[in-house]
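J.: Structure file my_file20.txt (compact mmCIF, C-alpha atoms and all ligand atoms) right here:
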# COMPACT_ATOMS: atom_id res chain seq x y z
CA MET I 1 -11.34 -13.63 -19.65
CA PRO I 2 -9.31 -10.42 -19.27
CA ARG I 3 -5.55 -10.85 -18.85
CA ARG I 4 -4.46 -11.10 -15.20
CA ARG I 5 -2.72 -7.96 -13.98
CA LYS I 6 0.97 -8.48 -13.18
CA ILE I 7 1.62 -6.68 -9.90
CA ILE I 8 4.49 -6.15 -7.47
CA ILE I 9 3.39 -5.09 -3.98
CA ASP I 10 5.86 -2.79 -2.21
CA THR I 11 4.99 -3.24 1.41
CA ASP I 12 5.72 -2.53 5.10
CA PRO I 13 3.66 -5.30 6.75
CA GLY I 14 1.73 -4.19 8.80
CA ILE I 15 -1.63 -5.83 9.34
CA ASP I 16 -3.55 -4.11 6.56
CA ASP I 17 -0.60 -4.92 4.28
CA ALA I 18 -1.12 -8.60 5.17
CA MET I 19 -4.79 -8.22 4.25
CA ALA I 20 -3.84 -6.66 0.90
CA ILE I 21 -1.22 -9.31 0.07
CA LEU I 22 -3.56 -12.22 0.87
CA PHE I 23 -6.36 -10.51 -1.06
CA ALA I 24 -4.14 -9.99 -4.13
CA ALA I 25 -2.85 -13.57 -4.03
CA ALA I 26 -6.41 -14.94 -3.84
CA HIS I 27 -7.89 -12.70 -6.55
CA PRO I 28 -8.23 -14.40 -9.99
CA GLY I 29 -7.45 -11.14 -11.79
CA VAL I 30 -3.99 -10.79 -10.27
CA GLU I 31 -0.66 -12.37 -11.12
CA LEU I 32 1.37 -11.49 -8.01
CA LEU I 33 4.99 -11.33 -9.20
CA GLY I 34 6.57 -10.66 -5.83
CA LEU I 35 6.81 -8.51 -2.75
CA THR I 36 9.37 -5.78 -2.09
CA THR I 37 9.76 -4.63 1.50
CA VAL I 38 10.35 -1.19 2.95
CA HIS I 39 10.62 0.55 6.34
CA GLY I 40 7.33 1.97 7.57
CA ASN I 41 5.02 0.32 10.08
CA VAL I 42 8.09 -1.55 11.34
CA SER I 43 11.78 -1.85 10.42
CA VAL I 44 12.51 -3.29 6.99
CA LYS I 45 13.93 -6.35 8.78
CA ASP I 46 10.64 -6.96 10.58
CA ALA I 47 8.66 -6.03 7.45
CA THR I 48 10.59 -8.67 5.52
CA ARG I 49 10.03 -11.30 8.20
CA ASN I 50 6.33 -10.44 8.22
CA ALA I 51 6.10 -10.56 4.42
CA LEU I 52 7.69 -14.03 4.45
CA ARG I 53 5.22 -15.07 7.14
CA VAL I 54 2.23 -13.85 5.12
CA CYS I 55 3.49 -15.89 2.14
CA ALA I 56 3.67 -18.96 4.39
CA VAL I 57 0.19 -18.31 5.81
CA GLY I 58 -1.16 -17.88 2.27
CA GLY I 59 0.56 -21.01 0.97
CA PHE I 60 2.71 -19.17 -1.57
CA GLU I 61 6.12 -19.54 0.07
CA ALA I 62 7.87 -19.53 -3.33
CA LEU I 63 6.83 -15.93 -4.03
CA PRO I 64 9.94 -13.70 -4.23
CA VAL I 65 10.30 -11.38 -1.22
CA CYS I 66 13.01 -8.79 -1.93
CA VAL I 67 14.41 -6.50 0.71
CA GLY I 68 14.26 -2.73 0.16
CA ALA I 69 15.09 0.47 1.96
CA ALA I 70 15.70 0.59 5.70
CA GLN I 71 15.63 4.39 5.86
CA PRO I 72 13.82 7.23 4.05
CA LEU I 73 15.65 9.48 1.58
CA VAL I 74 15.94 12.15 4.27
CA GLY I 75 15.89 11.71 8.06
CA ARG I 76 15.29 8.53 10.04
CA ALA I 77 12.64 5.81 9.85
CA ARG I 78 9.62 6.09 12.19
CA TYR I 79 7.47 3.09 13.05
CA ALA I 80 3.82 2.45 13.97
CA ARG I 81 4.11 -0.45 16.40
CA HIS I 82 1.34 1.16 18.49
CA VAL I 83 -0.99 0.42 15.59
CA HIS I 84 0.21 -2.96 14.30
CA GLY I 85 1.66 -4.54 17.45
CA GLY I 86 5.27 -4.93 18.60
CA ASP I 87 6.17 -7.28 15.74
CA GLY I 88 3.99 -5.45 13.20
CA MET I 89 1.72 -8.47 12.77
CA GLY I 90 -0.52 -8.23 15.82
CA ASP I 91 2.00 -10.16 17.97
CA VAL I 92 0.39 -13.44 16.89
CA PRO I 93 2.76 -16.22 18.04
CA ALA I 94 4.52 -17.80 15.06
CA GLY I 95 4.80 -21.25 16.71
CA ARG I 96 7.44 -23.38 14.98
CA TRP I 97 7.53 -21.22 11.84
CA ARG I 98 10.92 -19.68 11.16
CA PRO I 99 11.52 -17.14 8.38
CA PRO I 100 13.34 -18.49 5.30
CA ARG I 101 16.01 -16.32 3.65
CA PRO I 102 14.48 -13.59 1.49
CA ASP I 103 15.23 -13.43 -2.23
CA PRO I 104 18.85 -12.26 -2.84
CA ARG I 105 17.74 -9.55 -5.30
CA SER I 106 17.20 -6.08 -3.84
CA ALA I 107 13.77 -4.47 -4.14
CA VAL I 108 14.96 -2.07 -6.84
CA GLU I 109 16.74 -4.82 -8.81
CA PHE I 110 13.63 -7.01 -8.69
CA ILE I 111 11.33 -4.21 -9.85
CA ALA I 112 13.71 -3.28 -12.70
CA GLU I 113 14.08 -6.90 -13.78
CA GLN I 114 10.32 -7.53 -13.85
CA VAL I 115 9.58 -4.30 -15.72
CA LYS I 116 12.25 -5.10 -18.32
CA ALA I 117 10.82 -8.60 -18.74
CA ALA I 118 7.28 -7.32 -19.32
CA PRO I 119 7.42 -3.71 -20.52
CA GLY I 120 4.10 -1.90 -20.11
CA ARG I 121 2.59 -4.89 -18.29
CA VAL I 122 3.76 -4.54 -14.68
CA THR I 123 1.83 -2.49 -12.12
CA LEU I 124 3.59 -1.35 -8.96
CA VAL I 125 1.42 -1.29 -5.83
CA PRO I 126 3.23 0.64 -3.08
CA ILE I 127 1.36 0.32 0.22
CA GLY I 128 4.09 1.74 2.45
CA PRO I 129 6.51 4.67 2.22
CA LEU I 130 7.67 5.38 -1.35
CA THR I 131 11.42 5.08 -0.77
CA ASN I 132 11.90 2.01 -3.01
CA ILE I 133 9.94 3.59 -5.85
CA ALA I 134 11.99 6.79 -5.64
CA ARG I 135 15.22 4.74 -5.63
CA PHE I 136 13.93 2.79 -8.68
CA LEU I 137 13.36 6.09 -10.52
CA GLU I 138 16.85 7.29 -9.54
CA ARG I 139 18.64 4.14 -10.71
CA HIS I 140 16.50 3.27 -13.74
CA PRO I 141 15.12 6.59 -15.05
CA ARG I 142 14.42 5.17 -18.49
CA LEU I 143 12.30 2.32 -17.06
CA ALA I 144 9.63 4.66 -15.60
CA ALA I 145 7.91 4.84 -18.98
CA LYS I 146 7.82 1.04 -19.14
CA VAL I 147 5.86 0.63 -15.89
CA GLN I 148 2.18 0.05 -16.70
CA GLU I 149 1.09 2.16 -13.75
CA VAL I 150 1.57 2.78 -10.04
CA VAL I 151 -1.48 2.39 -7.79
CA LEU I 152 -0.50 3.39 -4.29
CA MET I 153 -2.12 3.62 -0.89
CA GLY I 154 -1.11 6.94 0.58
CA GLY I 155 -1.87 10.61 0.97
CA ALA I 156 -5.17 12.43 1.15
CA ALA I 157 -6.69 14.71 -1.47
CA PHE I 158 -9.32 16.68 0.48
CA TYR I 159 -9.27 14.85 3.78
CA ALA I 160 -7.40 15.11 7.10
CA GLY I 161 -4.20 13.15 7.70
CA ASN I 162 -3.89 10.21 10.09
CA ALA I 163 -0.30 10.76 11.23
CA THR I 164 -0.66 14.54 11.63
CA PRO I 165 -3.64 16.78 10.86
CA VAL I 166 -2.34 17.03 7.27
CA ALA I 167 -0.07 14.00 6.67
CA GLU I 168 -0.98 10.39 5.92
CA ALA I 169 1.46 7.89 7.45
CA ASN I 170 3.05 6.46 4.28
CA ILE I 171 3.76 9.90 2.87
CA LEU I 172 5.04 11.26 6.19
CA CYS I 173 7.51 8.37 6.46
CA ASP I 174 9.25 9.65 3.32
CA PRO I 175 7.87 12.93 1.93
CA GLU I 176 10.85 13.51 -0.42
CA ALA I 177 10.31 10.11 -2.03
CA ALA I 178 6.58 10.79 -2.45
CA ALA I 179 7.22 14.20 -4.01
CA ARG I 180 9.54 12.60 -6.59
CA VAL I 181 7.05 9.86 -7.44
CA PHE I 182 4.13 12.27 -7.99
CA ALA I 183 6.33 14.57 -10.12
CA SER I 184 7.76 11.72 -12.21
CA LYS I 185 6.79 10.19 -15.56
CA LEU I 186 5.13 7.30 -13.72
CA LYS I 187 1.36 7.05 -14.24
CA VAL I 188 0.24 7.26 -10.61
CA THR I 189 -3.12 6.67 -8.98
CA MET I 190 -3.24 7.78 -5.35
CA VAL I 191 -5.72 5.83 -3.22
CA GLY I 192 -5.72 7.96 -0.10
CA LEU I 193 -7.55 8.51 3.14
CA ASP I 194 -10.51 10.15 1.33
CA VAL I 195 -11.54 6.56 0.57
CA THR I 196 -9.57 4.32 2.92
CA ASP I 197 -10.21 6.03 6.26
CA THR I 198 -13.92 5.19 6.05
CA THR I 199 -13.65 1.72 4.51
CA THR I 200 -13.61 -0.55 7.53
CA LEU I 201 -14.08 -4.18 8.52
CA SER I 202 -15.37 -5.32 11.92
CA ALA I 203 -14.33 -8.23 14.12
CA ALA I 204 -17.55 -9.98 13.03
CA ASP I 205 -16.46 -9.59 9.38
CA PHE I 206 -13.18 -11.33 10.19
CA ASP I 207 -15.02 -14.06 12.11
CA ARG I 208 -17.10 -14.75 8.99
CA ILE I 209 -13.99 -14.70 6.77
CA ALA I 210 -12.18 -17.09 9.13
CA ARG I 211 -15.07 -19.56 9.05
CA ARG I 212 -14.76 -19.77 5.25
CA SER I 213 -10.96 -19.44 5.13
CA PRO I 214 -9.52 -21.10 8.25
CA GLY I 215 -5.92 -20.66 7.07
CA PRO I 216 -5.37 -17.09 5.82
CA GLY I 217 -8.69 -15.89 7.25
CA GLY I 218 -7.97 -17.49 10.62
CA PHE I 219 -4.57 -15.77 10.73
CA LEU I 220 -6.08 -12.38 9.87
CA ARG I 221 -8.76 -12.78 12.53
CA ARG I 222 -6.04 -13.15 15.18
CA ALA I 223 -3.72 -10.49 13.71
CA VAL I 224 -6.39 -7.77 13.40
CA ARG I 225 -7.37 -7.86 17.08
CA CYS I 226 -4.83 -5.19 18.12
CA TYR I 227 -5.49 -3.25 14.89
CA ILE I 228 -9.25 -3.13 15.59
CA ASP I 229 -8.53 -2.19 19.21
CA PHE I 230 -6.38 0.72 18.01
CA TYR I 231 -9.18 2.09 15.83
CA ARG I 232 -11.77 1.61 18.56
CA ARG I 233 -9.57 3.27 21.21
CA GLU I 234 -8.09 6.11 19.14
CA ARG I 235 -10.81 6.81 16.57
CA GLY I 236 -14.00 5.42 18.11
CA LYS I 237 -14.46 3.22 15.02
CA ALA I 238 -16.35 -0.09 15.12
CA GLY I 239 -13.79 -1.69 12.82
CA CYS I 240 -10.33 -1.31 11.28
CA CYS I 241 -9.46 0.50 8.07
CA MET I 242 -8.65 -1.68 5.08
CA HIS I 243 -6.28 1.00 3.74
CA ASP I 244 -3.91 -1.19 1.70
CA VAL I 245 -6.63 -3.51 0.38
CA CYS I 246 -8.16 -0.48 -1.37
CA ALA I 247 -5.07 -0.02 -3.56
CA VAL I 248 -5.29 -3.62 -4.83
CA ALA I 249 -9.08 -3.32 -5.19
CA CYS I 250 -8.60 -0.22 -7.37
CA ILE I 251 -6.72 -2.44 -9.85
CA VAL I 252 -9.11 -5.41 -9.91
CA ALA I 253 -12.36 -3.44 -9.51
CA PRO I 254 -11.77 0.14 -10.74
CA LYS I 255 -15.50 0.68 -11.29
CA LEU I 256 -15.93 0.75 -7.51
CA PHE I 257 -13.88 3.98 -7.38
CA GLU I 258 -14.50 7.56 -8.48
CA LEU I 259 -11.12 8.51 -9.92
CA ARG I 260 -10.27 12.12 -10.72
CA THR I 261 -7.26 13.77 -12.33
CA GLY I 262 -5.10 16.44 -10.72
CA ARG I 263 -1.53 17.41 -10.05
CA ILE I 264 -0.26 16.24 -6.66
CA ARG I 265 2.46 17.83 -4.52
CA VAL I 266 3.90 17.10 -1.09
CA HIS I 267 4.79 19.51 1.68
CA LEU I 268 8.39 19.00 2.79
CA GLU I 269 8.84 21.64 5.48
CA GLY I 270 7.49 22.58 8.87
CA PHE I 271 4.27 21.39 10.44
CA MET I 272 2.75 20.67 7.00
CA ARG I 273 5.52 18.15 6.21
CA GLY I 274 4.07 15.02 4.59
CA GLY I 275 0.82 16.71 3.61
CA THR I 276 -0.37 16.05 0.05
CA VAL I 277 -1.90 18.91 -1.93
CA VAL I 278 -4.09 18.03 -4.93
CA GLN I 279 -5.11 20.41 -7.70
CA PRO I 280 -8.96 20.46 -7.62
CA PRO I 281 -10.53 19.01 -10.79
CA ASP I 282 -12.15 22.28 -11.93
CA ARG I 283 -9.14 24.55 -11.40
CA ASN I 284 -5.91 25.15 -13.31
CA TYR I 285 -2.83 26.80 -11.84
CA ASP I 286 0.51 27.74 -13.38
CA ALA I 287 2.07 29.69 -10.53
CA GLU I 288 4.70 28.19 -8.21
CA GLY I 289 5.54 25.42 -10.66
CA TRP I 290 2.12 23.80 -10.64
CA GLY I 291 1.87 24.02 -14.41
CA ARG I 292 5.05 21.99 -14.89
CA LEU I 293 3.79 18.95 -12.96
CA PRO I 294 2.28 15.88 -14.68
CA PRO I 295 -1.40 15.28 -13.92
CA GLN I 296 -1.95 12.17 -11.82
CA ARG I 297 -5.09 10.36 -10.66
CA TYR I 298 -6.58 10.08 -7.20
CA ALA I 299 -9.54 8.30 -5.64
CA ALA I 300 -12.14 10.88 -4.68
CA ASP I 301 -14.78 8.36 -3.58
CA ALA I 302 -15.68 4.67 -3.67
CA ASP I 303 -18.49 2.18 -3.10
CA ARG I 304 -17.38 1.15 0.38
CA PRO I 305 -19.93 -1.64 1.02
CA ALA I 306 -18.97 -3.18 -2.32
CA LEU I 307 -15.28 -3.01 -1.38
CA ARG I 308 -15.99 -4.82 1.88
CA ARG I 309 -18.00 -7.48 0.02
CA LEU I 310 -15.25 -7.90 -2.56
CA PHE I 311 -12.61 -8.46 0.13
CA SER I 312 -14.76 -10.93 2.09
CA LYS I 313 -15.80 -12.85 -1.04
CA THR I 314 -12.24 -13.05 -2.37
CA MET I 315 -10.79 -14.10 0.99
CA ALA I 316 -13.39 -16.86 1.26
CA ALA I 317 -11.68 -18.43 -1.76
CA ALA I 318 -8.24 -18.12 -0.12
CA GLY I 319 -8.58 -21.54 1.46
O1 LIG H 1 -2.00 5.39 6.52
C1 LIG H 1 -2.19 4.01 6.32
C2 LIG H 1 -0.97 3.38 5.74
O2 LIG H 1 0.12 3.47 6.66
C3 LIG H 1 -1.15 1.88 5.47
O3 LIG H 1 -0.35 1.50 4.39
C4 LIG H 1 -0.65 1.25 6.74
O4 LIG H 1 -0.18 -0.08 6.52
C5 LIG H 1 0.50 2.15 7.08
O5 LIG H 1 1.61 1.73 6.30
CA CA H 2 1.20 -0.41 4.63
Produce structure tokens that represent the structure in this file.
T.:
Amino acid sequence: MPRRRKIIIDTDPGIDDAMAILFAAAHPGVELLGLTTVHGNVSVKDATRNALRVCAVGGFEALPVCVGAAQPLVGRARYARHVHGGDGMGDVPAGRWRPPRPDPRSAVEFIAEQVKAAPGRVTLVPIGPLTNIARFLERHPRLAAKVQEVVLMGGAAFYAGNATPVAEANILCDPEAAARVFASKLKVTMVGLDVTDTTTLSAADFDRIARRSPGPGGFLRRAVRCYIDFYRRERGKAGCCMHDVCAVACIVAPKLFELRTGRIRVHLEGFMRGGTVVQPPDRNYDAEGWGRLPPQRYAADADRPALRRLFSKTMAAAG
């Protein structure tokens, strides 16, 4: 039995974040060390409350939830409540549940502590803006080499953006942080819109999941209603994108992805701000500093039906 992958999910829940967290917690190949929260879909305060709620829904209330950045490195936070609902979790009433206090450690402290405790064995899974990861690099530059890898949901290699024609939402929320992460010594795999924008789940899929997993699955079925409505209304899709689930799936089922290598940069100015530019696999460039950048990996394609089956099958075991 292969060793379980130790992962920390850096998250801005967000409905697809909730899907990814519950999927990771239920998957036998994952040892979920904790969650670190960040501004993005909602404020970091709401993201933290939602992360605590997902832990309660999943039955893993003891999981550390550590609060991270409220603002990007440059500029002000922007939210996506039109996508994820006013509270960021589909406005599903919480009943008598009240959020416990989050873990007293900050997101960066928690990441540093876990990486020091298991050098080369911790994978960071950012599924929101990359502010916390950039701050971790800033404060612990020597720890970057001790991170096993970073598998993030964000960006787009050769695909249109979803926040602007060129920018994916996580990258646009903090382009400076993303640029630093892609240029760093971290071993990064970018799971972007090339794969995630066409990997969707329908309301019927969530009905089936809820029948087999009344707790977590039942919660997701209620939470995704507004998320599915958004994709139907704005994109004419029959289901919602499982963006963040794809990052976790790339760790537990890498054979379902076509991963390529290329240098990755981020536009910081003007109407291209937040756009990711990837060096094509068959080209090499030195000009404009391209030659100085570390090659990273990105998901060029994936077996989408298999990803949907993997999520449904794993969630059925979530109880
Ligand atoms: O572009 C999709 C990404 O932005 C996902 O992580 C979603 O949760 C939002 O954060
Ligand atoms: Ca997210």
J.: Give me, please, the distance in Å between CA of Arg142 in chain I and CA of Ile8 in chain I, quoted to one decimal.
T.: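 Computing the Euclidean distance for CA of Arg142 in chain I and CA of Ile8 in chain I yields 18.7 Å.
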J.: Give as an MDAnalysis selection string the residues surrounding ligand LIG 1 (chain H) up to a distance of 10 Å, considering only C-alpha atoms and all ligand atoms.
T.: chainID I and resid 11:20 38:42 79:80 83:84 88 126:129 152:156 161:163 167:173 192:193 196:197 241:247
J.: Those same residues - C-alpha atoms - I'd like them written as a PDB file, keeping the file's coordinate frame.
T.:
ATOM      1  CA  THR I  11       4.990  -3.240   1.410  1.00  0.00           C
ATOM      2  CA  ASP I  12       5.720  -2.530   5.100  1.00  0.00           C
ATOM      3  CA  PRO I  13       3.660  -5.300   6.750  1.00  0.00           C
ATOM      4  CA  GLY I  14       1.730  -4.190   8.800  1.00  0.00           C
ATOM      5  CA  ILE I  15      -1.630  -5.830   9.340  1.00  0.00           C
ATOM      6  CA  ASP I  16      -3.550  -4.110   6.560  1.00  0.00           C
ATOM      7  CA  ASP I  17      -0.600  -4.920   4.280  1.00  0.00           C
ATOM      8  CA  ALA I  18      -1.120  -8.600   5.170  1.00  0.00           C
ATOM      9  CA  MET I  19      -4.790  -8.220   4.250  1.00  0.00           C
ATOM     10  CA  ALA I  20      -3.840  -6.660   0.900  1.00  0.00           C
ATOM     11  CA  VAL I  38      10.350  -1.190   2.950  1.00  0.00           C
ATOM     12  CA  HIS I  39      10.620   0.550   6.340  1.00  0.00           C
ATOM     13  CA  GLY I  40       7.330   1.970   7.570  1.00  0.00           C
ATOM     14  CA  ASN I  41       5.020   0.320  10.080  1.00  0.00           C
ATOM     15  CA  VAL I  42       8.090  -1.550  11.340  1.00  0.00           C
ATOM     16  CA  TYR I  79       7.470   3.090  13.050  1.00  0.00           C
ATOM     17  CA  ALA I  80       3.820   2.450  13.970  1.00  0.00           C
ATOM     18  CA  VAL I  83      -0.990   0.420  15.590  1.00  0.00           C
ATOM     19  CA  HIS I  84       0.210  -2.960  14.300  1.00  0.00           C
ATOM     20  CA  GLY I  88       3.990  -5.450  13.200  1.00  0.00           C
ATOM     21  CA  PRO I 126       3.230   0.640  -3.080  1.00  0.00           C
ATOM     22  CA  ILE I 127       1.360   0.320   0.220  1.00  0.00           C
ATOM     23  CA  GLY I 128       4.090   1.740   2.450  1.00  0.00           C
ATOM     24  CA  PRO I 129       6.510   4.670   2.220  1.00  0.00           C
ATOM     25  CA  LEU I 152      -0.500   3.390  -4.290  1.00  0.00           C
ATOM     26  CA  MET I 153      -2.120   3.620  -0.890  1.00  0.00           C
ATOM     27  CA  GLY I 154      -1.110   6.940   0.580  1.00  0.00           C
ATOM     28  CA  GLY I 155      -1.870  10.610   0.970  1.00  0.00           C
ATOM     29  CA  ALA I 156      -5.170  12.430   1.150  1.00  0.00           C
ATOM     30  CA  GLY I 161      -4.200  13.150   7.700  1.00  0.00           C
ATOM     31  CA  ASN I 162      -3.890  10.210  10.090  1.00  0.00           C
ATOM     32  CA  ALA I 163      -0.300  10.760  11.230  1.00  0.00           C
ATOM     33  CA  ALA I 167      -0.070  14.000   6.670  1.00  0.00           C
ATOM     34  CA  GLU I 168      -0.980  10.390   5.920  1.00  0.00           C
ATOM     35  CA  ALA I 169       1.460   7.890   7.450  1.00  0.00           C
ATOM     36  CA  ASN I 170       3.050   6.460   4.280  1.00  0.00           C
ATOM     37  CA  ILE I 171       3.760   9.900   2.870  1.00  0.00           C
ATOM     38  CA  LEU I 172       5.040  11.260   6.190  1.00  0.00           C
ATOM     39  CA  CYS I 173       7.510   8.370   6.460  1.00  0.00           C
ATOM     40  CA  GLY I 192      -5.720   7.960  -0.100  1.00  0.00           C
ATOM     41  CA  LEU I 193      -7.550   8.510   3.140  1.00  0.00           C
ATOM     42  CA  THR I 196      -9.570   4.320   2.920  1.00  0.00           C
ATOM     43  CA  ASP I 197     -10.210   6.030   6.260  1.00  0.00           C
ATOM     44  CA  CYS I 241      -9.460   0.500   8.070  1.00  0.00           C
ATOM     45  CA  MET I 242      -8.650  -1.680   5.080  1.00  0.00           C
ATOM     46  CA  HIS I 243      -6.280   1.000   3.740  1.00  0.00           C
ATOM     47  CA  ASP I 244      -3.910  -1.190   1.700  1.00  0.00           C
ATOM     48  CA  VAL I 245      -6.630  -3.510   0.380  1.00  0.00           C
ATOM     49  CA  CYS I 246      -8.160  -0.480  -1.370  1.00  0.00           C
ATOM     50  CA  ALA I 247      -5.070  -0.020  -3.560  1.00  0.00           C
TER      51      ALA I 247
END
J.: Applying 8 Å and all atoms listed in the file, which residues near Leu186 in chain I remain after dropping the ones on its own chain fewer than 5 positions away? List them as a ChimeraX atom specification.
T.: /I:144-145,147,149-150,181
J.: Need the shell around Val266 in chain I: protein/DNA/RNA residues with any atom at most 9 Å away, counting all atoms listed in the file. Skip same-chain ones fewer than 6 positions apart. Format as a ChimeraX atom specification?
T.: /I:155,171,175-176,178-179,182,272-278
J.: What does the distance from CA of Trp97 in chain I to CA of Arg53 in chain I come to in Å, to one decimal?
T.: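 These two atoms are separated by 8.1 Å.
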J.: Please return as a list in words every residue within 10 Å of (-7.9, -1.5, -14.3), taking into account all atoms listed in the file and the file's own coordinates.
T.: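 Applying the cut-off with all atoms listed in the file, one gets Arg5, Gly29, Glu149, Val151, Ala249, Cys250, Ile251, Val252, Ala253, Pro254 and Lys255 of chain I.
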J.: Kindly indicate which residue among I:Phe23, I:Tyr227, I:Arg139, I:Val54 lies nearest to Arg308 in chain I, using all atoms listed in the file for the distances.
T.: I:Phe23
J.: One decimal, in Å: what's the spacing between CA of Val195 in chain I and CA of Ile7 in chain I?
T.: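 Taking CA of Val195 in chain I as the start and CA of Ile7 in chain I as the end point, the length is 21.4 Å.
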J.: Considering all atoms listed in the file, can you say which of I:Gly262, I:Lys45, I:Thr37, I:Ala26 comes closest to ligand CA 2 (chain H)?
T.: I:Thr37
J.: Using all atoms listed in the file, determine which residues lie at most 7 Å from Pro64 in chain I, disregarding the query and same-chain residues fewer than 2 positions distant; provide the list as a PyMOL selection string.
T.: chain I and resi 34-35+62+66+103
J.: Save out the residues we just selected, C-alpha atoms, as a short mmCIF file (atom, residue, chain, number, x, y, z; two decimals), in the coordinates of the input.
T.:
data_model
loop_
_atom_site.label_atom_id
_atom_site.label_comp_id
_atom_site.auth_asym_id
_atom_site.auth_seq_id
_atom_site.Cartn_x
_atom_site.Cartn_y
_atom_site.Cartn_z
CA GLY I 34 6.57 -10.66 -5.83
CA LEU I 35 6.81 -8.51 -2.75
CA ALA I 62 7.87 -19.53 -3.33
CA CYS I 66 13.01 -8.79 -1.93
CA ASP I 103 15.23 -13.43 -2.23
#
J.: Hey, which of I:Asp10, I:Leu220, I:Asp303, I:Gly86 ends up closest to ligand CA 2 (chain H)? Count all atoms listed in the file.
T.: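 Checking each of I:Asp10, I:Leu220, I:Asp303, I:Gly86 against ligand CA 2 (chain H), counting all atoms listed in the file, the winner is I:Asp10.
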J.: So, counting only C-alpha atoms, which residue among I:Gly120, I:Gly75, I:Pro281, I:Gly58 is closest to Ala299 in chain I?
T.: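 Counting only C-alpha atoms, the residue closest to Ala299 in chain I is I:Pro281.
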J.: Kindly indicate which residue among I:Ala210, I:Val74, I:Ile21, I:Ile264 lies nearest to ligand CA 2 (chain H), using only C-alpha atoms and all ligand atoms for the distances.
T.: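 Ranking I:Ala210, I:Val74, I:Ile21, I:Ile264 by distance to ligand CA 2 (chain H), first place goes to I:Ile21.
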J.: N, CA, C and O atoms are what I want for range 277-288 of chain I; can you complete it accordingly and write them as a PDB file, in the frame of the given file?
T.:
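Now in selection_22.pdb:
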ATOM      1  N   VAL I 277      -1.020  17.848  -1.421  1.00  0.00           N
ATOM      2  CA  VAL I 277      -1.900  18.910  -1.930  1.00  0.00           C
ATOM      3  C   VAL I 277      -2.291  18.517  -3.357  1.00  0.00           C
ATOM      4  O   VAL I 277      -1.426  18.248  -4.189  1.00  0.00           O
ATOM      5  N   VAL I 278      -3.598  18.473  -3.620  1.00  0.00           N
ATOM      6  CA  VAL I 278      -4.090  18.030  -4.930  1.00  0.00           C
ATOM      7  C   VAL I 278      -4.796  19.184  -5.623  1.00  0.00           C
ATOM      8  O   VAL I 278      -5.612  19.890  -4.996  1.00  0.00           O
ATOM      9  N   GLN I 279      -4.425  19.379  -6.908  1.00  0.00           N
ATOM     10  CA  GLN I 279      -5.110  20.410  -7.700  1.00  0.00           C
ATOM     11  C   GLN I 279      -6.577  20.005  -7.876  1.00  0.00           C
ATOM     12  O   GLN I 279      -6.845  18.904  -8.375  1.00  0.00           O
ATOM     13  N   PRO I 280      -7.539  20.828  -7.471  1.00  0.00           N
ATOM     14  CA  PRO I 280      -8.960  20.460  -7.620  1.00  0.00           C
ATOM     15  C   PRO I 280      -9.302  20.263  -9.100  1.00  0.00           C
ATOM     16  O   PRO I 280      -8.692  20.876  -9.968  1.00  0.00           O
ATOM     17  N   PRO I 281     -10.257  19.369  -9.395  1.00  0.00           N
ATOM     18  CA  PRO I 281     -10.530  19.010 -10.790  1.00  0.00           C
ATOM     19  C   PRO I 281     -10.977  20.177 -11.665  1.00  0.00           C
ATOM     20  O   PRO I 281     -10.720  20.229 -12.834  1.00  0.00           O
ATOM     21  N   ASP I 282     -11.606  21.199 -11.073  1.00  0.00           N
ATOM     22  CA  ASP I 282     -12.150  22.280 -11.930  1.00  0.00           C
ATOM     23  C   ASP I 282     -11.266  23.509 -11.943  1.00  0.00           C
ATOM     24  O   ASP I 282     -11.699  24.589 -12.331  1.00  0.00           O
ATOM     25  N   ARG I 283     -10.020  23.360 -11.469  1.00  0.00           N
ATOM     26  CA  ARG I 283      -9.140  24.550 -11.400  1.00  0.00           C
ATOM     27  C   ARG I 283      -7.832  24.256 -12.135  1.00  0.00           C
ATOM     28  O   ARG I 283      -7.388  23.123 -12.171  1.00  0.00           O
ATOM     29  N   ASN I 284      -7.211  25.318 -12.667  1.00  0.00           N
ATOM     30  CA  ASN I 284      -5.910  25.150 -13.310  1.00  0.00           C
ATOM     31  C   ASN I 284      -4.971  26.215 -12.769  1.00  0.00           C
ATOM     32  O   ASN I 284      -5.362  27.376 -12.682  1.00  0.00           O
ATOM     33  N   TYR I 285      -3.773  25.834 -12.407  1.00  0.00           N
ATOM     34  CA  TYR I 285      -2.830  26.800 -11.840  1.00  0.00           C
ATOM     35  C   TYR I 285      -1.485  26.667 -12.549  1.00  0.00           C
ATOM     36  O   TYR I 285      -1.051  25.549 -12.822  1.00  0.00           O
ATOM     37  N   ASP I 286      -0.838  27.801 -12.820  1.00  0.00           N
ATOM     38  CA  ASP I 286       0.510  27.740 -13.380  1.00  0.00           C
ATOM     39  C   ASP I 286       1.548  28.191 -12.363  1.00  0.00           C
ATOM     40  O   ASP I 286       2.697  27.774 -12.373  1.00  0.00           O
ATOM     41  N   ALA I 287       1.108  29.072 -11.458  1.00  0.00           N
ATOM     42  CA  ALA I 287       2.070  29.690 -10.530  1.00  0.00           C
ATOM     43  C   ALA I 287       2.772  28.628  -9.683  1.00  0.00           C
ATOM     44  O   ALA I 287       2.264  27.509  -9.524  1.00  0.00           O
ATOM     45  N   GLU I 288       3.944  29.028  -9.171  1.00  0.00           N
ATOM     46  CA  GLU I 288       4.700  28.190  -8.210  1.00  0.00           C
ATOM     47  C   GLU I 288       4.995  26.789  -8.767  1.00  0.00           C
ATOM     48  O   GLU I 288       5.015  25.812  -8.021  1.00  0.00           O
TER      49      GLU I 288
END
